[in-house]
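J.: Below is the file model.pdb, with PDB, C-alpha atoms, pLDDT in the B column.
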```
MODEL        1
ATOM      1  CA  MET A   1      63.461-114.298 -29.742  1.00 61.00           C
ATOM      2  CA  ALA A   2      62.554-113.412 -26.174  1.00 66.00           C
ATOM      3  CA  ASN A   3      62.825-116.037 -23.440  1.00 76.00           C
ATOM      4  CA  PHE A   4      59.926-117.680 -21.629  1.00 77.00           C
ATOM      5  CA  LYS A   5      60.161-115.417 -18.573  1.00 82.00           C
ATOM      6  CA  THR A   6      59.851-112.300 -20.715  1.00 85.00           C
ATOM      7  CA  HIS A   7      56.919-113.728 -22.654  1.00 83.00           C
ATOM      8  CA  ARG A   8      55.213-114.758 -19.429  1.00 86.00           C
ATOM      9  CA  GLN A   9      55.520-111.237 -18.053  1.00 90.00           C
ATOM     10  CA  GLY A  10      54.153-109.788 -21.278  1.00 92.00           C
ATOM     11  CA  ALA A  11      51.277-112.288 -21.227  1.00 93.00           C
ATOM     12  CA  VAL A  12      50.356-111.350 -17.659  1.00 94.00           C
ATOM     13  CA  MET A  13      50.390-107.663 -18.550  1.00 95.00           C
ATOM     14  CA  ALA A  14      48.219-108.187 -21.621  1.00 94.00           C
ATOM     15  CA  GLY A  15      45.738-110.287 -19.662  1.00 94.00           C
ATOM     16  CA  VAL A  16      45.500-107.884 -16.729  1.00 96.00           C
ATOM     17  CA  ILE A  17      45.112-104.793 -18.918  1.00 96.00           C
ATOM     18  CA  SER A  18      42.432-106.462 -21.050  1.00 96.00           C
ATOM     19  CA  SER A  19      40.548-107.767 -18.039  1.00 96.00           C
ATOM     20  CA  ILE A  20      40.528-104.438 -16.187  1.00 96.00           C
ATOM     21  CA  ALA A  21      39.536-102.522 -19.333  1.00 96.00           C
ATOM     22  CA  ALA A  22      36.689-104.894 -20.211  1.00 95.00           C
ATOM     23  CA  TYR A  23      35.317-104.865 -16.662  1.00 95.00           C
ATOM     24  CA  SER A  24      35.673-101.077 -16.319  1.00 96.00           C
ATOM     25  CA  LEU A  25      33.769-100.551 -19.579  1.00 94.00           C
ATOM     26  CA  GLY A  26      30.964-102.806 -18.397  1.00 92.00           C
ATOM     27  CA  MET A  27      31.570-105.362 -21.128  1.00 92.00           C
ATOM     28  CA  VAL A  28      31.988-108.310 -18.761  1.00 92.00           C
ATOM     29  CA  SER A  29      31.018-109.364 -15.264  1.00 92.00           C
ATOM     30  CA  LEU A  30      33.629-110.003 -12.574  1.00 92.00           C
ATOM     31  CA  PRO A  31      33.682-113.806 -13.168  1.00 90.00           C
ATOM     32  CA  GLU A  32      33.911-113.236 -16.939  1.00 91.00           C
ATOM     33  CA  SER A  33      36.801-110.810 -16.424  1.00 94.00           C
ATOM     34  CA  ILE A  34      38.833-113.737 -15.065  1.00 93.00           C
ATOM     35  CA  LEU A  35      38.245-115.617 -18.329  1.00 91.00           C
ATOM     36  CA  VAL A  36      39.285-112.503 -20.264  1.00 95.00           C
ATOM     37  CA  LEU A  37      42.487-112.353 -18.221  1.00 95.00           C
ATOM     38  CA  ALA A  38      43.151-116.030 -18.978  1.00 92.00           C
ATOM     39  CA  ALA A  39      42.503-115.447 -22.690  1.00 92.00           C
ATOM     40  CA  GLY A  40      45.010-112.591 -22.796  1.00 94.00           C
ATOM     41  CA  PHE A  41      47.552-114.643 -20.884  1.00 93.00           C
ATOM     42  CA  CYS A  42      47.171-117.659 -23.174  1.00 89.00           C
ATOM     43  CA  GLY A  43      47.422-115.370 -26.195  1.00 91.00           C
ATOM     44  CA  GLY A  44      50.727-114.077 -24.861  1.00 90.00           C
ATOM     45  CA  LEU A  45      52.189-117.580 -24.935  1.00 86.00           C
ATOM     46  CA  ALA A  46      50.317-119.065 -27.900  1.00 84.00           C
ATOM     47  CA  PRO A  47      52.785-118.232 -30.729  1.00 83.00           C
ATOM     48  CA  ASP A  48      55.336-120.639 -29.246  1.00 77.00           C
ATOM     49  CA  LEU A  49      52.884-123.508 -29.477  1.00 71.00           C
ATOM     50  CA  ASP A  50      54.635-124.440 -32.718  1.00 65.00           C
ATOM     51  CA  HIS A  51      57.785-125.410 -30.790  1.00 66.00           C
ATOM     52  CA  ASP A  52      57.409-129.092 -29.881  1.00 60.00           C
ATOM     53  CA  ALA A  53      59.615-128.888 -26.785  1.00 59.00           C
ATOM     54  CA  SER A  54      58.628-125.451 -25.511  1.00 64.00           C
ATOM     55  CA  ILE A  55      57.294-124.663 -22.059  1.00 69.00           C
ATOM     56  CA  PRO A  56      54.485-122.539 -23.583  1.00 68.00           C
ATOM     57  CA  LEU A  57      53.295-125.557 -25.587  1.00 70.00           C
ATOM     58  CA  ARG A  58      52.739-127.579 -22.449  1.00 75.00           C
ATOM     59  CA  PHE A  59      51.463-124.671 -20.407  1.00 75.00           C
ATOM     60  CA  VAL A  60      49.023-123.239 -22.961  1.00 73.00           C
ATOM     61  CA  PHE A  61      47.526-126.608 -23.869  1.00 81.00           C
ATOM     62  CA  ARG A  62      46.931-127.259 -20.175  1.00 84.00           C
ATOM     63  CA  MET A  63      45.312-123.836 -19.837  1.00 80.00           C
ATOM     64  CA  LEU A  64      43.217-124.359 -22.953  1.00 82.00           C
ATOM     65  CA  SER A  65      42.112-127.777 -21.721  1.00 88.00           C
ATOM     66  CA  VAL A  66      40.439-125.927 -18.840  1.00 86.00           C
ATOM     67  CA  LEU A  67      39.506-122.612 -20.451  1.00 81.00           C
ATOM     68  CA  VAL A  68      37.866-123.906 -23.635  1.00 84.00           C
ATOM     69  CA  PRO A  69      35.605-126.531 -21.979  1.00 88.00           C
ATOM     70  CA  VAL A  70      34.530-124.006 -19.310  1.00 85.00           C
ATOM     71  CA  ILE A  71      33.589-121.417 -21.940  1.00 79.00           C
ATOM     72  CA  ILE A  72      31.751-123.908 -24.144  1.00 83.00           C
ATOM     73  CA  ILE A  73      29.851-125.502 -21.258  1.00 84.00           C
ATOM     74  CA  GLN A  74      28.966-122.097 -19.803  1.00 77.00           C
ATOM     75  CA  LYS A  75      27.657-120.676 -23.080  1.00 73.00           C
ATOM     76  CA  HIS A  76      25.846-123.770 -24.409  1.00 77.00           C
ATOM     77  CA  PRO A  77      22.929-124.915 -22.213  1.00 78.00           C
ATOM     78  CA  GLU A  78      22.813-128.357 -23.819  1.00 79.00           C
ATOM     79  CA  PHE A  79      26.154-129.107 -22.179  1.00 81.00           C
ATOM     80  CA  HIS A  80      25.097-128.342 -18.606  1.00 78.00           C
ATOM     81  CA  ARG A  81      21.639-129.819 -18.159  1.00 80.00           C
ATOM     82  CA  SER A  82      22.991-131.660 -15.113  1.00 84.00           C
ATOM     83  CA  VAL A  83      26.170-131.707 -13.049  1.00 86.00           C
ATOM     84  CA  GLY A  84      27.043-135.192 -14.298  1.00 87.00           C
ATOM     85  CA  GLU A  85      26.715-134.148 -17.947  1.00 87.00           C
ATOM     86  CA  SER A  86      28.794-131.019 -17.355  1.00 88.00           C
ATOM     87  CA  ILE A  87      31.606-133.026 -15.796  1.00 90.00           C
ATOM     88  CA  GLY A  88      31.443-135.629 -18.558  1.00 91.00           C
ATOM     89  CA  TYR A  89      31.615-133.045 -21.348  1.00 90.00           C
ATOM     90  CA  PHE A  90      34.409-131.189 -19.541  1.00 92.00           C
ATOM     91  CA  VAL A  91      36.530-134.337 -19.218  1.00 93.00           C
ATOM     92  CA  LEU A  92      35.957-135.347 -22.854  1.00 94.00           C
ATOM     93  CA  MET A  93      36.861-131.900 -24.226  1.00 92.00           C
ATOM     94  CA  ALA A  94      39.878-131.558 -21.928  1.00 92.00           C
ATOM     95  CA  LEU A  95      41.261-134.963 -22.928  1.00 93.00           C
ATOM     96  CA  ALA A  96      40.673-134.197 -26.619  1.00 91.00           C
ATOM     97  CA  ILE A  97      42.684-130.973 -26.322  1.00 88.00           C
ATOM     98  CA  LEU A  98      45.506-132.507 -24.290  1.00 86.00           C
ATOM     99  CA  PHE A  99      46.091-135.556 -26.463  1.00 87.00           C
ATOM    100  CA  PRO A 100      44.813-135.951 -30.064  1.00 85.00           C
ATOM    101  CA  ILE A 101      44.550-132.210 -30.778  1.00 81.00           C
ATOM    102  CA  ARG A 102      47.957-131.459 -29.260  1.00 76.00           C
ATOM    103  CA  TRP A 103      49.535-134.400 -31.127  1.00 77.00           C
ATOM    104  CA  LEU A 104      48.002-133.319 -34.443  1.00 74.00           C
ATOM    105  CA  PHE A 105      49.024-129.745 -33.796  1.00 71.00           C
ATOM    106  CA  GLY A 106      52.648-130.791 -33.325  1.00 69.00           C
ATOM    107  CA  LYS A 107      52.607-132.726 -36.598  1.00 64.00           C
ATOM    108  CA  LEU A 108      51.194-129.851 -38.627  1.00 59.00           C
ATOM    109  CA  THR A 109      53.317-126.959 -37.341  1.00 62.00           C
ATOM    110  CA  ILE A 110      56.939-125.855 -37.556  1.00 60.00           C
ATOM    111  CA  HIS A 111      58.673-123.378 -35.255  1.00 58.00           C
ATOM    112  CA  ARG A 112      58.713-119.778 -36.433  1.00 60.00           C
ATOM    113  CA  GLY A 113      56.188-120.676 -39.121  1.00 68.00           C
ATOM    114  CA  ILE A 114      52.809-119.101 -39.768  1.00 77.00           C
ATOM    115  CA  PHE A 115      52.145-118.867 -36.006  1.00 79.00           C
ATOM    116  CA  HIS A 116      54.690-116.062 -35.922  1.00 82.00           C
ATOM    117  CA  SER A 117      52.885-113.758 -38.331  1.00 86.00           C
ATOM    118  CA  VAL A 118      50.355-110.923 -38.417  1.00 89.00           C
ATOM    119  CA  PRO A 119      47.409-112.960 -39.794  1.00 91.00           C
ATOM    120  CA  ALA A 120      47.861-115.445 -36.926  1.00 90.00           C
ATOM    121  CA  ILE A 121      47.087-112.637 -34.459  1.00 92.00           C
ATOM    122  CA  PHE A 122      43.626-112.136 -35.928  1.00 94.00           C
ATOM    123  CA  ILE A 123      42.967-115.823 -36.536  1.00 93.00           C
ATOM    124  CA  TYR A 124      43.620-116.563 -32.873  1.00 91.00           C
ATOM    125  CA  GLY A 125      41.346-113.737 -31.754  1.00 94.00           C
ATOM    126  CA  ALA A 126      38.605-114.801 -34.165  1.00 94.00           C
ATOM    127  CA  VAL A 127      38.676-118.389 -32.919  1.00 91.00           C
ATOM    128  CA  LEU A 128      38.330-117.221 -29.311  1.00 90.00           C
ATOM    129  CA  PHE A 129      35.448-114.980 -30.385  1.00 92.00           C
ATOM    130  CA  LEU A 130      33.568-117.923 -31.876  1.00 88.00           C
ATOM    131  CA  LEU A 131      34.254-120.164 -28.888  1.00 84.00           C
ATOM    132  CA  SER A 132      33.047-117.570 -26.382  1.00 84.00           C
ATOM    133  CA  GLY A 133      29.332-117.456 -27.178  1.00 75.00           C
ATOM    134  CA  ARG A 134      26.564-117.697 -29.712  1.00 65.00           C
ATOM    135  CA  LYS A 135      23.799-115.381 -28.459  1.00 65.00           C
ATOM    136  CA  ARG A 136      23.361-111.632 -28.890  1.00 63.00           C
ATOM    137  CA  HIS A 137      23.861-110.910 -25.188  1.00 71.00           C
ATOM    138  CA  ASP A 138      27.216-112.723 -25.339  1.00 82.00           C
ATOM    139  CA  LEU A 139      28.637-110.166 -27.797  1.00 89.00           C
ATOM    140  CA  PRO A 140      30.495-107.873 -25.324  1.00 92.00           C
ATOM    141  CA  PHE A 141      32.093-110.921 -23.693  1.00 93.00           C
ATOM    142  CA  GLN A 142      33.036-112.358 -27.092  1.00 92.00           C
ATOM    143  CA  GLN A 143      34.563-109.050 -28.155  1.00 94.00           C
ATOM    144  CA  SER A 144      36.522-108.842 -24.905  1.00 95.00           C
ATOM    145  CA  MET A 145      37.855-112.368 -25.357  1.00 95.00           C
ATOM    146  CA  ALA A 146      38.862-111.684 -28.965  1.00 95.00           C
ATOM    147  CA  ILE A 147      40.603-108.406 -28.176  1.00 96.00           C
ATOM    148  CA  ALA A 148      42.378-109.805 -25.099  1.00 96.00           C
ATOM    149  CA  SER A 149      43.671-112.882 -26.905  1.00 95.00           C
ATOM    150  CA  SER A 150      44.795-110.859 -29.930  1.00 95.00           C
ATOM    151  CA  LEU A 151      46.523-108.303 -27.694  1.00 96.00           C
ATOM    152  CA  GLY A 152      48.366-111.070 -25.866  1.00 94.00           C
ATOM    153  CA  TYR A 153      49.371-112.681 -29.153  1.00 93.00           C
ATOM    154  CA  PHE A 154      50.592-109.344 -30.560  1.00 93.00           C
ATOM    155  CA  THR A 155      52.572-108.686 -27.364  1.00 93.00           C
ATOM    156  CA  HIS A 156      54.411-111.986 -27.803  1.00 90.00           C
ATOM    157  CA  LEU A 157      55.396-111.220 -31.393  1.00 89.00           C
ATOM    158  CA  LEU A 158      56.387-107.664 -30.500  1.00 89.00           C
ATOM    159  CA  LEU A 159      58.689-108.956 -27.756  1.00 88.00           C
ATOM    160  CA  ASP A 160      60.249-111.384 -30.234  1.00 81.00           C
ATOM    161  CA  GLU A 161      60.961-108.532 -32.623  1.00 79.00           C
ATOM    162  CA  TYR A 162      62.362-106.365 -29.851  1.00 79.00           C
ATOM    163  CA  SER A 163      64.724-109.146 -28.779  1.00 73.00           C
ATOM    164  CA  SER A 164      66.038-109.228 -32.355  1.00 67.00           C
ATOM    165  CA  LEU A 165      67.362-105.696 -31.932  1.00 65.00           C
ATOM    166  CA  ASN A 166      70.871-106.300 -30.649  1.00 56.00           C
ATOM    167  CA  PHE A 167      72.486-103.282 -29.020  1.00 51.00           C
ATOM    168  CA  ASN A 168      75.990-104.338 -27.948  1.00 51.00           C
ATOM    169  CA  GLY A 169      76.926-100.956 -26.495  1.00 47.00           C
ATOM    170  CA  HIS A 170      78.805 -99.799 -29.570  1.00 50.00           C
ATOM    171  CA  ARG A 171      76.587-100.103 -32.605  1.00 50.00           C
ATOM    172  CA  PHE A 172      73.227-101.438 -33.658  1.00 49.00           C
ATOM    173  CA  LYS A 173      73.494-104.971 -35.007  1.00 54.00           C
ATOM    174  CA  PRO A 174      70.127-106.648 -35.684  1.00 52.00           C
ATOM    175  CA  LYS A 175      69.858-110.396 -35.398  1.00 53.00           C
ATOM    176  CA  ARG A 176      68.918-112.565 -38.358  1.00 53.00           C
ATOM    177  CA  SER A 177      65.543-113.224 -36.736  1.00 48.00           C
ATOM    178  CA  LEU A 178      64.513-109.561 -37.091  1.00 50.00           C
ATOM    179  CA  GLY A 179      61.290-109.319 -39.081  1.00 51.00           C
ATOM    180  CA  THR A 180      60.378-112.998 -38.824  1.00 55.00           C
ATOM    181  CA  ALA A 181      57.681-112.564 -36.153  1.00 63.00           C
ATOM    182  CA  LEU A 182      55.629-109.573 -37.262  1.00 74.00           C
ATOM    183  CA  ASP A 183      55.549-110.344 -40.967  1.00 80.00           C
ATOM    184  CA  PHE A 184      52.590-110.847 -43.289  1.00 84.00           C
ATOM    185  CA  PHE A 185      53.929-113.676 -45.445  1.00 81.00           C
ATOM    186  CA  LYS A 186      55.986-116.818 -44.862  1.00 76.00           C
ATOM    187  CA  PRO A 187      58.276-118.669 -47.287  1.00 75.00           C
ATOM    188  CA  ASN A 188      55.768-121.525 -47.513  1.00 76.00           C
ATOM    189  CA  LYS A 189      53.260-119.983 -49.919  1.00 83.00           C
ATOM    190  CA  ARG A 190      50.636-122.702 -49.471  1.00 83.00           C
ATOM    191  CA  VAL A 191      50.569-122.257 -45.703  1.00 80.00           C
ATOM    192  CA  THR A 192      50.407-118.485 -46.087  1.00 86.00           C
ATOM    193  CA  LEU A 193      47.552-118.781 -48.581  1.00 89.00           C
ATOM    194  CA  PHE A 194      45.680-121.151 -46.270  1.00 86.00           C
ATOM    195  CA  ALA A 195      46.087-118.707 -43.368  1.00 87.00           C
ATOM    196  CA  TYR A 196      44.605-115.829 -45.377  1.00 93.00           C
ATOM    197  CA  VAL A 197      41.768-117.968 -46.723  1.00 92.00           C
ATOM    198  CA  LEU A 198      40.982-119.081 -43.177  1.00 90.00           C
ATOM    199  CA  LEU A 199      41.162-115.501 -41.902  1.00 93.00           C
ATOM    200  CA  THR A 200      38.862-114.306 -44.687  1.00 94.00           C
ATOM    201  CA  GLY A 201      36.329-117.002 -43.853  1.00 94.00           C
ATOM    202  CA  LEU A 202      36.447-116.110 -40.165  1.00 92.00           C
ATOM    203  CA  VAL A 203      35.933-112.419 -40.937  1.00 93.00           C
ATOM    204  CA  VAL A 204      32.912-113.211 -43.134  1.00 93.00           C
ATOM    205  CA  VAL A 205      31.369-115.239 -40.303  1.00 90.00           C
ATOM    206  CA  ILE A 206      32.237-112.853 -37.488  1.00 91.00           C
ATOM    207  CA  ALA A 207      31.683-109.405 -39.028  1.00 90.00           C
ATOM    208  CA  PRO A 208      27.842-109.497 -38.892  1.00 87.00           C
ATOM    209  CA  GLN A 209      27.968-110.697 -35.285  1.00 84.00           C
ATOM    210  CA  TRP A 210      30.592-108.127 -34.274  1.00 84.00           C
ATOM    211  CA  VAL A 211      28.425-105.200 -35.365  1.00 79.00           C
ATOM    212  CA  GLY A 212      25.451-106.794 -33.626  1.00 64.00           C
ATOM    213  CA  SER A 213      23.367-107.559 -36.689  1.00 51.00           C
TER     214      SER A 213
ENDMDL
END
```
What's the structure tokens form of this structure?
T.:
Amino acid sequence: MANFKTHRQGAVMAGVISSIAAYSLGMVSLPESILVLAAGFCGGLAPDLDHDASIPLRFVFRMLSVLVPVIIIQKHPEFHRSVGESIGYFVLMALAILFPIRWLFGKLTIHRGIFHSVPAIFIYGAVLFLLSGRKRHDLPFQQSMAIASSLGYFTHLLLDEYSSLNFNGHRFKPKRSLGTALDFFKPNKRVTLFAYVLLTGLVVVIAPQWVGS
């Protein structure tokens, strides 16, 4: 698998490309384009969240503890009726992400598990789509967030697969990890089934919104 520096560079590229594209197409405003960039960047590090001691785990959860509350508070008026309420909700959501959610996440995941798979790309993007808004005029922003986060996630897995191609200067000798990032199924059948059931449910919920109905 690729190292943290390589993944960080890929995450930055995915975030910047997504942000520029979304803003150029008129899908997001300039402030929203910064959130799109952050979503792409987080997506580029997210697959390694299943490694309990990884730098991405700490970094992404810190980013999410800021990004998710900001998005939710911005898109839900009931959370920002006053400055005091906004700060209170932000602190509560940030603490929930940094501690109980992160702890539970570590207990339920294993490294190179379902997080390193194709369905995880779309699940991550779908979750960001749902978190990014709930009104019709939010749709372009939601789509930008979903695409950026999925692109970042895909970039991470693609870099992992590329690092598994070992060219030693004489002959091609793939590493044993080749094919374990961009695969559709994992050895744990129950986890794989759960991932596809979850993805199906997310698609059913999101599809009508995505087409603007």
J.: Find the residues with any atom within 12 Å of (47.5, -113.9, -34.3); use all atoms listed in the file and the coordinates as given in the file, and write the answer as a PyMOL selection string.
T.: chain A and resi 40+42-48+114-128+146-158+181-184+195-196+199
J.: What does the distance from CA of Val12 (chain A) to CA of Leu130 (chain A) come to in Å, to one decimal?
T.: 23.0 Å
J.: May I have the residues within 12 Å of His80 (chain A) as an MDAnalysis selection string, using all atoms listed in the file and disregarding those fewer than 5 positions away in the same chain?
T.: chainID A and resid 69:75 85:90
J.: What does the distance between CA of Thr200 (chain A) and CA of Phe185 (chain A) come to in Å, to one decimal place?
T.: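 Answer for the CA of Thr200 (chain A) to CA of Phe185 (chain A) separation: 15.1 Å.
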J.: What is the distance, in Å and to one decimal place, between CA of Leu98 (chain A) and CA of His7 (chain A)?
T.: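 A separation of 22.0 Å between them.
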J.: With all atoms listed in the file as the basis for distance, which of A:Leu139, A:Leu92, A:Ala14, A:Val211 is at the shortest distance from Met27 (chain A)?
T.: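 Of the candidates, the smallest distance to Met27 (chain A) is held by A:Leu139.
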J.: Give the answer as one residue: which of A:Gly133, A:Leu159, A:Ile101, A:Leu49 has the shortest atom-to-atom distance to Gln9 (chain A), using only C-alpha atoms?
T.: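 Among A:Gly133, A:Leu159, A:Ile101, A:Leu49, it is A:Leu159 that comes nearest to Gln9 (chain A).
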J.: My list of candidates is A:Val66, A:Glu78, A:Glu32, A:Lys189. Which is closest to Ala94 (chain A) when distances are computed with only C-alpha atoms?
T.: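 Among the listed residues, A:Val66 lies closest to Ala94 (chain A).
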J.: Centre and edge lengths of an axis-aligned box around all listed atoms of region 189-199 of chain A, with 6 Å added on each side, are to be given in Å to one decimal, as lines of an AutoDock Vina configuration file.
T.:
```
center_x = 47.1
center_y = -119.1
center_z = -45.9
size_x = 24.3
size_y = 19.2
size_z = 20.0
```
J.: Which residues would end up in the selection if the PyMOL selection byres ((chain A and resi 17-20) around 7) were applied here, given that I need the answer as a ChimeraX atom specification?
T.: /A:13-16,21-24,33-34,36-37,40,148
J.: Which one is closest to Phe4 (chain A): A:Leu57, A:Leu67, A:Val197, A:Val205? Count all atoms listed in the file.
T.: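 For Phe4 (chain A), the nearest of the candidates is A:Leu57.
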J.: Pick the closest to Trp210 (chain A) from A:Gln143, A:Leu104, A:Arg81, A:His76: which is it, counting all atoms listed in the file?
T.: A:Gln143
J.: Find the residues around Asn3 (chain A) up to 10 Å (only C-alpha atoms counted), leave out those fewer than 2 positions away in its own chain, and share them as a PyMOL selection string.
T.: chain A and resi 1+5-8+159-160+163
